[in-house]
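**Student:** Have a look at this one.
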Amino acid sequence: MEPDIRMLYDLKDVIFDQAWLAGAENFELYYMYRDLYLSRADKEKLLELGLRYDVTIIPPRMLGIEYVKTAGHYHPLAPRSEVTYPELYEVLGGEALYLLQNQNLSDIVVVHARTGDKVVVPPDYGHITINCSNRTLKMSNFVARNFSSQYQPFRERRGGAYYCTREGFVKNPHYPEAVELRRIAAPDNSKLSKLGLMKGKEMYPQFRETGKLDYLLKPQEHLDIFRELI
């Protein structure tokens with residue numbers, strides 16, 4: 001399967017180091033393999049549930065003084081709900097920083113995740129993934145398949161509320177109302193167990209068990225669990 005490839009110029013509106021960007025040639029940043037499955041039966045099950053399983057690969061790079069990152073996006077509202085769709089990530093190799101920011105910017109948190117960790121993007125949070133290591137980051141995700149990600153809010157404000165640079169996190173001046181950044185580790189097993197997950201145990205088979213990933217499709221019925229995760 002051929003990946004969707006994000007190029008440097010695709011992220012031109014959200015990069016911190018614009019002086020560096022002005023002299024940079026376009027190049028490949030990261031690779032997204034969408035709608036993956038191990039068998040025809042798995043494909044049919046994922047379609048039946050309305051879920052998608054993806055893998056993203058982000059090689060280590062610097063964007064001037066900023067660490068390589070994804071473009072950043074929000075999710076739309078789930079049907080018959082006042083909250084947006086969540087998303088579930090697993091680090092398959094390397095390590096990641098997940099920058100999560102809710103829509104009114106009253107909570108901005110960066111989650112540090114290593115191989116085997118799982119991270120849930122709760123309803124009403126936008127997110128960016130950052131590779132600040134010297135290793136290739138490989139991560140997978142489960143998400144509802146019937147929506148399009150919303151990239152424009154990040155483009156309009158020149159990225160997320162904070163940039164991850166060699167000097168540390170730098171606040172984006174286009175977010176004057178943003179609160180201070182919180183830093184947390186990925187959820188431990190005591191929290192993951194409420195979702196039927198475990199650190200180091202691959203999450204891919206989850207969708208084969210009836211109801212295990214309902215919280216990705218009907219988030220309004222699982223809000224208490226989401227609050228505990230970040």
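Every chain in the structure tokens has a letter given in the order shown (A, B, ...), and although residue numbers restart at 1 in each chain, ligands are simply numbered from 1 in the order shown.
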Would you pick out the contacts of Met62 of chain A at 12 Å or less, using only C-alpha atoms, so that residues sharing its chain but fewer than 3 positions from it are not included, and give the list as a PDB file with N, CA and C atoms, in the first residue's frame?

**Tutor:**
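Dumped everything to result17.pdb:
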ATOM      1  N   LEU A   8       6.918  19.083   3.463  1.00  0.00           N
ATOM      2  CA  LEU A   8       7.223  20.268   4.257  1.00  0.00           C
ATOM      3  C   LEU A   8       6.277  21.415   3.927  1.00  0.00           C
ATOM      4  N   ILE A  15       4.509  26.119  10.841  1.00  0.00           N
ATOM      5  CA  ILE A  15       5.895  25.938  11.269  1.00  0.00           C
ATOM      6  C   ILE A  15       6.393  27.178  12.014  1.00  0.00           C
ATOM      7  N   PHE A  16       7.097  26.946  13.089  1.00  0.00           N
ATOM      8  CA  PHE A  16       7.595  28.028  13.946  1.00  0.00           C
ATOM      9  C   PHE A  16       8.694  28.843  13.275  1.00  0.00           C
ATOM     10  N   ASP A  17       9.682  28.154  12.729  1.00  0.00           N
ATOM     11  CA  ASP A  17      10.887  28.822  12.229  1.00  0.00           C
ATOM     12  C   ASP A  17      10.672  29.249  10.773  1.00  0.00           C
ATOM     13  N   TRP A  20      13.864  29.955   8.642  1.00  0.00           N
ATOM     14  CA  TRP A  20      14.444  28.732   8.071  1.00  0.00           C
ATOM     15  C   TRP A  20      13.614  28.247   6.895  1.00  0.00           C
ATOM     16  N   LEU A  21      12.285  28.263   7.038  1.00  0.00           N
ATOM     17  CA  LEU A  21      11.400  27.762   5.987  1.00  0.00           C
ATOM     18  C   LEU A  21      11.577  28.526   4.679  1.00  0.00           C
ATOM     19  N   ALA A  24      14.214  26.844   2.716  1.00  0.00           N
ATOM     20  CA  ALA A  24      14.207  25.375   2.676  1.00  0.00           C
ATOM     21  C   ALA A  24      13.511  24.854   1.421  1.00  0.00           C
ATOM     22  N   PHE A  27      10.469  18.811   1.083  1.00  0.00           N
ATOM     23  CA  PHE A  27      10.889  17.415   1.252  1.00  0.00           C
ATOM     24  C   PHE A  27       9.819  16.657   2.034  1.00  0.00           C
ATOM     25  N   LEU A  29       8.027  14.744   4.954  1.00  0.00           N
ATOM     26  CA  LEU A  29       8.083  14.815   6.413  1.00  0.00           C
ATOM     27  C   LEU A  29       7.640  13.522   7.065  1.00  0.00           C
ATOM     28  N   ILE A  58       7.020   8.759  11.279  1.00  0.00           N
ATOM     29  CA  ILE A  58       7.620  10.103  11.300  1.00  0.00           C
ATOM     30  C   ILE A  58       9.113   9.971  11.576  1.00  0.00           C
ATOM     31  N   PRO A  59       9.957  10.079  10.546  1.00  0.00           N
ATOM     32  CA  PRO A  59      11.408  10.034  10.775  1.00  0.00           C
ATOM     33  C   PRO A  59      11.867  11.248  11.581  1.00  0.00           C
ATOM     34  N   ILE A  65      14.671  25.159  14.014  1.00  0.00           N
ATOM     35  CA  ILE A  65      14.918  24.841  15.423  1.00  0.00           C
ATOM     36  C   ILE A  65      13.748  24.072  16.051  1.00  0.00           C
ATOM     37  N   GLU A  66      12.734  23.761  15.252  1.00  0.00           N
ATOM     38  CA  GLU A  66      11.557  23.044  15.764  1.00  0.00           C
ATOM     39  C   GLU A  66      11.640  21.570  15.397  1.00  0.00           C
ATOM     40  N   TYR A  67      11.186  20.707  16.310  1.00  0.00           N
ATOM     41  CA  TYR A  67      11.150  19.278  16.029  1.00  0.00           C
ATOM     42  C   TYR A  67      10.002  18.953  15.073  1.00  0.00           C
ATOM     43  N   VAL A  68      10.215  17.932  14.265  1.00  0.00           N
ATOM     44  CA  VAL A  68       9.211  17.521  13.284  1.00  0.00           C
ATOM     45  C   VAL A  68       7.901  17.173  13.979  1.00  0.00           C
ATOM     46  N   LYS A  69       6.806  17.473  13.298  1.00  0.00           N
ATOM     47  CA  LYS A  69       5.480  17.284  13.894  1.00  0.00           C
ATOM     48  C   LYS A  69       4.454  17.041  12.792  1.00  0.00           C
ATOM     49  N   ILE A 130       4.459  15.010  17.880  1.00  0.00           N
ATOM     50  CA  ILE A 130       5.819  15.532  17.710  1.00  0.00           C
ATOM     51  C   ILE A 130       6.817  14.404  17.923  1.00  0.00           C
ATOM     52  N   ASN A 131       7.795  14.308  17.042  1.00  0.00           N
ATOM     53  CA  ASN A 131       8.916  13.384  17.245  1.00  0.00           C
ATOM     54  C   ASN A 131      10.135  14.208  17.636  1.00  0.00           C
ATOM     55  N   CYS A 132      10.440  14.219  18.940  1.00  0.00           N
ATOM     56  CA  CYS A 132      11.584  15.008  19.415  1.00  0.00           C
ATOM     57  C   CYS A 132      12.765  14.107  19.766  1.00  0.00           C
ATOM     58  N   SER A 133      12.770  12.893  19.239  1.00  0.00           N
ATOM     59  CA  SER A 133      13.862  11.958  19.503  1.00  0.00           C
ATOM     60  C   SER A 133      14.747  11.841  18.269  1.00  0.00           C
ATOM     61  N   ASN A 134      15.763  10.989  18.361  1.00  0.00           N
ATOM     62  CA  ASN A 134      16.614  10.726  17.201  1.00  0.00           C
ATOM     63  C   ASN A 134      16.266   9.396  16.546  1.00  0.00           C
ATOM     64  N   CYS A 164       7.401  22.939  19.926  1.00  0.00           N
ATOM     65  CA  CYS A 164       8.467  22.183  20.591  1.00  0.00           C
ATOM     66  C   CYS A 164       9.782  22.426  19.851  1.00  0.00           C
ATOM     67  N   THR A 165      10.702  23.135  20.493  1.00  0.00           N
ATOM     68  CA  THR A 165      11.958  23.530  19.868  1.00  0.00           C
ATOM     69  C   THR A 165      13.153  22.992  20.648  1.00  0.00           C
ATOM     70  N   ARG A 166      14.330  23.197  20.104  1.00  0.00           N
ATOM     71  CA  ARG A 166      15.557  22.792  20.807  1.00  0.00           C
ATOM     72  C   ARG A 166      15.681  23.473  22.170  1.00  0.00           C
TER      73      ARG A 166
END

**Student:** Considering only helix (DSSP H, G or I) as DSSP defines it on the backbone, what residues of segment 16-215 of chain A qualify? List them as a PDB file with N, CA and C atoms, in the first residue's frame.

**Tutor:**
ATOM      1  N   GLN A  18       9.965  30.349  10.594  1.00  0.00           N
ATOM      2  CA  GLN A  18       9.638  30.811   9.246  1.00  0.00           C
ATOM      3  C   GLN A  18      10.870  31.317   8.496  1.00  0.00           C
ATOM      4  N   ALA A  19      11.862  31.811   9.212  1.00  0.00           N
ATOM      5  CA  ALA A  19      13.090  32.260   8.544  1.00  0.00           C
ATOM      6  C   ALA A  19      13.797  31.076   7.908  1.00  0.00           C
ATOM      7  N   TRP A  20      13.864  29.955   8.642  1.00  0.00           N
ATOM      8  CA  TRP A  20      14.444  28.732   8.071  1.00  0.00           C
ATOM      9  C   TRP A  20      13.614  28.247   6.895  1.00  0.00           C
ATOM     10  N   LEU A  21      12.285  28.263   7.038  1.00  0.00           N
ATOM     11  CA  LEU A  21      11.400  27.762   5.987  1.00  0.00           C
ATOM     12  C   LEU A  21      11.577  28.526   4.679  1.00  0.00           C
ATOM     13  N   ALA A  22      11.828  29.814   4.776  1.00  0.00           N
ATOM     14  CA  ALA A  22      11.956  30.646   3.577  1.00  0.00           C
ATOM     15  C   ALA A  22      13.073  30.164   2.660  1.00  0.00           C
ATOM     16  N   ARG A  40      -9.175 -10.269   5.300  1.00  0.00           N
ATOM     17  CA  ARG A  40     -10.447  -9.816   4.730  1.00  0.00           C
ATOM     18  C   ARG A  40     -11.523  -9.759   5.807  1.00  0.00           C
ATOM     19  N   ALA A  41     -11.490 -10.721   6.726  1.00  0.00           N
ATOM     20  CA  ALA A  41     -12.469 -10.717   7.821  1.00  0.00           C
ATOM     21  C   ALA A  41     -12.299  -9.470   8.687  1.00  0.00           C
ATOM     22  N   ASP A  42     -11.047  -9.073   8.953  1.00  0.00           N
ATOM     23  CA  ASP A  42     -10.799  -7.852   9.719  1.00  0.00           C
ATOM     24  C   ASP A  42     -11.314  -6.630   8.968  1.00  0.00           C
ATOM     25  N   LYS A  43     -11.093  -6.585   7.673  1.00  0.00           N
ATOM     26  CA  LYS A  43     -11.573  -5.459   6.876  1.00  0.00           C
ATOM     27  C   LYS A  43     -13.083  -5.322   6.982  1.00  0.00           C
ATOM     28  N   GLU A  44     -13.776  -6.440   6.838  1.00  0.00           N
ATOM     29  CA  GLU A  44     -15.236  -6.413   6.897  1.00  0.00           C
ATOM     30  C   GLU A  44     -15.731  -5.990   8.281  1.00  0.00           C
ATOM     31  N   LYS A  45     -15.026  -6.446   9.328  1.00  0.00           N
ATOM     32  CA  LYS A  45     -15.415  -6.091  10.686  1.00  0.00           C
ATOM     33  C   LYS A  45     -15.221  -4.589  10.937  1.00  0.00           C
ATOM     34  N   LEU A  46     -14.096  -4.054  10.487  1.00  0.00           N
ATOM     35  CA  LEU A  46     -13.830  -2.629  10.653  1.00  0.00           C
ATOM     36  C   LEU A  46     -14.869  -1.785   9.908  1.00  0.00           C
ATOM     37  N   LEU A  47     -15.231  -2.216   8.701  1.00  0.00           N
ATOM     38  CA  LEU A  47     -16.253  -1.500   7.937  1.00  0.00           C
ATOM     39  C   LEU A  47     -17.604  -1.570   8.643  1.00  0.00           C
ATOM     40  N   GLU A  48     -17.911  -2.734   9.172  1.00  0.00           N
ATOM     41  CA  GLU A  48     -19.182  -2.920   9.886  1.00  0.00           C
ATOM     42  C   GLU A  48     -19.267  -1.998  11.098  1.00  0.00           C
ATOM     43  N   LEU A  49     -18.151  -1.864  11.819  1.00  0.00           N
ATOM     44  CA  LEU A  49     -18.128  -1.043  13.024  1.00  0.00           C
ATOM     45  C   LEU A  49     -18.042   0.451  12.725  1.00  0.00           C
ATOM     46  N   GLN A 152      -8.050  23.427   9.512  1.00  0.00           N
ATOM     47  CA  GLN A 152      -8.052  24.882   9.363  1.00  0.00           C
ATOM     48  C   GLN A 152      -7.826  25.641  10.671  1.00  0.00           C
ATOM     49  N   PRO A 153      -8.394  25.201  11.812  1.00  0.00           N
ATOM     50  CA  PRO A 153      -8.149  25.972  13.045  1.00  0.00           C
ATOM     51  C   PRO A 153      -6.665  26.111  13.394  1.00  0.00           C
ATOM     52  N   PHE A 154      -5.875  25.073  13.118  1.00  0.00           N
ATOM     53  CA  PHE A 154      -4.434  25.156  13.385  1.00  0.00           C
ATOM     54  C   PHE A 154      -3.739  26.051  12.363  1.00  0.00           C
ATOM     55  N   ARG A 155      -4.167  25.961  11.116  1.00  0.00           N
ATOM     56  CA  ARG A 155      -3.551  26.816  10.090  1.00  0.00           C
ATOM     57  C   ARG A 155      -3.806  28.289  10.392  1.00  0.00           C
ATOM     58  N   GLU A 156      -5.041  28.606  10.795  1.00  0.00           N
ATOM     59  CA  GLU A 156      -5.393  30.007  11.022  1.00  0.00           C
ATOM     60  C   GLU A 156      -4.577  30.641  12.145  1.00  0.00           C
ATOM     61  N   ASN A 189      -1.357   1.328  33.473  1.00  0.00           N
ATOM     62  CA  ASN A 189      -2.301   0.225  33.301  1.00  0.00           C
ATOM     63  C   ASN A 189      -3.571   0.385  34.146  1.00  0.00           C
ATOM     64  N   SER A 190      -3.468   1.076  35.277  1.00  0.00           N
ATOM     65  CA  SER A 190      -4.655   1.256  36.103  1.00  0.00           C
ATOM     66  C   SER A 190      -5.712   2.083  35.376  1.00  0.00           C
ATOM     67  N   LYS A 191      -5.271   3.013  34.534  1.00  0.00           N
ATOM     68  CA  LYS A 191      -6.203   3.812  33.742  1.00  0.00           C
ATOM     69  C   LYS A 191      -6.566   3.103  32.435  1.00  0.00           C
ATOM     70  N   LEU A 192      -5.574   2.497  31.804  1.00  0.00           N
ATOM     71  CA  LEU A 192      -5.834   1.825  30.526  1.00  0.00           C
ATOM     72  C   LEU A 192      -6.777   0.638  30.673  1.00  0.00           C
ATOM     73  N   SER A 193      -6.730  -0.012  31.828  1.00  0.00           N
ATOM     74  CA  SER A 193      -7.552  -1.208  32.023  1.00  0.00           C
ATOM     75  C   SER A 193      -9.041  -0.907  31.895  1.00  0.00           C
ATOM     76  N   LYS A 194      -9.442   0.330  32.175  1.00  0.00           N
ATOM     77  CA  LYS A 194     -10.852   0.699  32.055  1.00  0.00           C
ATOM     78  C   LYS A 194     -11.311   0.712  30.603  1.00  0.00           C
ATOM     79  N   LEU A 195     -10.343   0.745  29.682  1.00  0.00           N
ATOM     80  CA  LEU A 195     -10.641   0.667  28.254  1.00  0.00           C
ATOM     81  C   LEU A 195     -10.272  -0.696  27.683  1.00  0.00           C
ATOM     82  N   TYR A 204      -4.309  -3.638  18.289  1.00  0.00           N
ATOM     83  CA  TYR A 204      -5.001  -3.977  17.040  1.00  0.00           C
ATOM     84  C   TYR A 204      -6.170  -4.948  17.225  1.00  0.00           C
ATOM     85  N   PRO A 205      -6.062  -6.038  18.013  1.00  0.00           N
ATOM     86  CA  PRO A 205      -7.181  -6.992  18.103  1.00  0.00           C
ATOM     87  C   PRO A 205      -8.422  -6.463  18.820  1.00  0.00           C
ATOM     88  N   GLN A 206      -8.346  -5.278  19.403  1.00  0.00           N
ATOM     89  CA  GLN A 206      -9.456  -4.757  20.197  1.00  0.00           C
ATOM     90  C   GLN A 206     -10.786  -4.752  19.452  1.00  0.00           C
ATOM     91  N   PHE A 207     -10.777  -4.376  18.183  1.00  0.00           N
ATOM     92  CA  PHE A 207     -12.029  -4.208  17.453  1.00  0.00           C
ATOM     93  C   PHE A 207     -12.755  -5.529  17.212  1.00  0.00           C
ATOM     94  N   ARG A 208     -12.037  -6.644  17.372  1.00  0.00           N
ATOM     95  CA  ARG A 208     -12.671  -7.950  17.131  1.00  0.00           C
ATOM     96  C   ARG A 208     -13.608  -8.345  18.266  1.00  0.00           C
ATOM     97  N   ASP A 214     -16.399   0.982  21.557  1.00  0.00           N
ATOM     98  CA  ASP A 214     -17.602   1.818  21.440  1.00  0.00           C
ATOM     99  C   ASP A 214     -17.345   3.268  21.825  1.00  0.00           C
ATOM    100  N   TYR A 215     -16.394   3.503  22.741  1.00  0.00           N
ATOM    101  CA  TYR A 215     -16.136   4.866  23.190  1.00  0.00           C
ATOM    102  C   TYR A 215     -15.586   5.753  22.081  1.00  0.00           C
TER     103      TYR A 215
END

**Student:** Between A:Leu11, A:Ala186, A:Ala144, A:Val120, which residue has the minimum interatomic distance to Pro79 of chain A, considering only C-alpha atoms?

**Tutor:** A:Ala144

**Student:** Determine the nearest neighbour of Glu28 of chain A from the options A:Ile108, A:Ala71, A:Met7, A:Val121, counting only C-alpha atoms.

**Tutor:** A:Met7

**Student:** Of the residues A:Val119, A:Leu77, A:Val170, A:Ile184, which is the one nearest to Phe142 of chain A, using only C-alpha atoms?

**Tutor:** A:Val119
